[in-house]
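Trainee: Once you've had a glance at the structure underneath, I'll fire off some questions.
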Amino acid sequence: MKTFELAKKVDDIVYDAYGDENPNSLDYYYALAKQIKNINNQNPHIMETHQDFDQVKYLKDQVKYLGFGEDEKLHKDLEKGINSKKQEFEIKTSSDKTLPENKVDFTLKFNKSESGGVFLNSYNAKLTNNKNEEISHNFPISKESSFTAKEAINLLEGRSVKIEFLNPKSQQVEPAFVQFNFNEPKTEKGNYYFQNFYKNYGVDTAKIVDKSNLVFDKPEWKESAIKSLEKGNVLKVKFKENDQVIEGKAVLDPQNRNLKLYDNEMNRLNTNKPLEGLEQDNKHDKANVREQSIKR
């Protein structure tokens, strides 16, 4: 892939993080690269300064909106890697967004092009639980295939995340809940296979929330709760049980089309059955998909 194509992909990610489409075409980046090359030929020092400034900004934004933060050490490690002579470098960081008994470590992997561009290609997420067991997965980075750090944690902790995913049956990109299949051996790349539940599987989060008798102090909180559950988060909730309103936590379970409800100590409280009226034949629509592309 040429440098100007990679530059566009980096910008695509930054714009996408803000919820916008990159307004610049590939031709724009080709013309810009040509212009910068001409400047560089006239004065290499001008090009070096301009490029370093852009690279730092792009990569800091990219790392931030993927959920790895913007703390001082992370930025210093990034700048050190950019300024080093190594063609590849790694940055290690962590997160406190796991369940209390778990911890997670990330290794962000960068490489440099021959022309001096620096790119975040992928990251490895390694979750360690209270039994000191390690669960890890390599997440590629691109506009079409990028999980955030929090989504990676949710997947490694066994929860599902709703994304836009390529359905191999219809060959269409459509909403799907995905989760890791921990029962199958990993791929040659050391990754888990995905288990996917597409729209025809019949997961309706709003109906599931209603059936679970959740209580919201404000009506608008219901919509935000649905979005949070679909991201795979453990959500603090209130729900009715035996004519009482109880505080606890909830996790969406797309495979069984219900909510798992817990007390504040994460002890399971309910054993909800799937929503009535959904055909059992829907079970045949789920599939283990190997190395599929993901549109974000």
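Chain identifiers are assigned as A, B, and so on, following the order in which chains appear in the structure tokens; residues are numbered from 1 within each chain, and ligands are numbered from 1 in order of appearance.
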Among stretch 158-193 of chain A, which ones does DSSP place in strand (DSSP E or B), written as an NGL selection string?

Mentor: :A and (161-167 or 172-181 or 193)

Trainee: Residues near A:Leu155, anyone? I mean within 8 Å using only C-alpha atoms, not counting same-chain ones fewer than 5 positions away, as a ChimeraX atom specification.

Mentor: /A:160-161,179-180,232

Trainee: Find, counting only C-alpha atoms, the residue in A:Phe197, A:Phe239, A:Phe139, A:Phe89 that gets nearest to A:Ile163.

Mentor: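 Residue with the minimum atom-to-atom distance to A:Ile163: A:Phe197.
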
Trainee: Give the answer as one residue: which of A:Leu269, A:Leu59, A:Gly248, A:Gln195 has the shortest atom-to-atom distance to A:Asn167, using only C-alpha atoms?

Mentor: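 When distances to A:Asn167 are compared using only C-alpha atoms, the smallest one comes from A:Gln195.
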
Trainee: Within 10 Å of stretch 107-116 of chain A, counting only C-alpha atoms, which residues show up once you throw out same-chain ones fewer than 4 positions away? Write them as a ChimeraX atom specification, please.

Mentor: /A:1-3,6,37,48,51-52,55,59,63,68,78,81-82,85-94,120-126,138-141

Trainee: Could you tell me how far atom CA of A:Glu247 lies from atom CA of A:Val203, in Å and to one decimal?

Mentor: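 Computing it gives 24.7 Å between the two atoms.
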
Trainee: Between atom CA of A:Gly202 and atom CA of A:Pro175, measure the distance and give it in Å to one decimal.

Mentor: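 Separation of atom CA of A:Gly202 and atom CA of A:Pro175: 11.5 Å.
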
Trainee: Counting only C-alpha atoms, figure out which residue out of A:Glu164, A:Lys227, A:Glu157, A:His137 gets nearest to A:Thr187.

Mentor: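 Of the candidates, the smallest distance to A:Thr187 is held by A:His137.
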
Trainee: So how many Å separate atom CA of A:Ser170 and atom CA of A:Phe194, to one decimal?

Mentor: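 Computed distance, atom CA of A:Ser170 to atom CA of A:Phe194, equals 17.4 Å.
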
Trainee: Looking at A:Leu252, A:Val56, A:Leu261, A:Val104, which one is nearest to A:Gly117, with distances taken over only C-alpha atoms?

Mentor: A:Val56
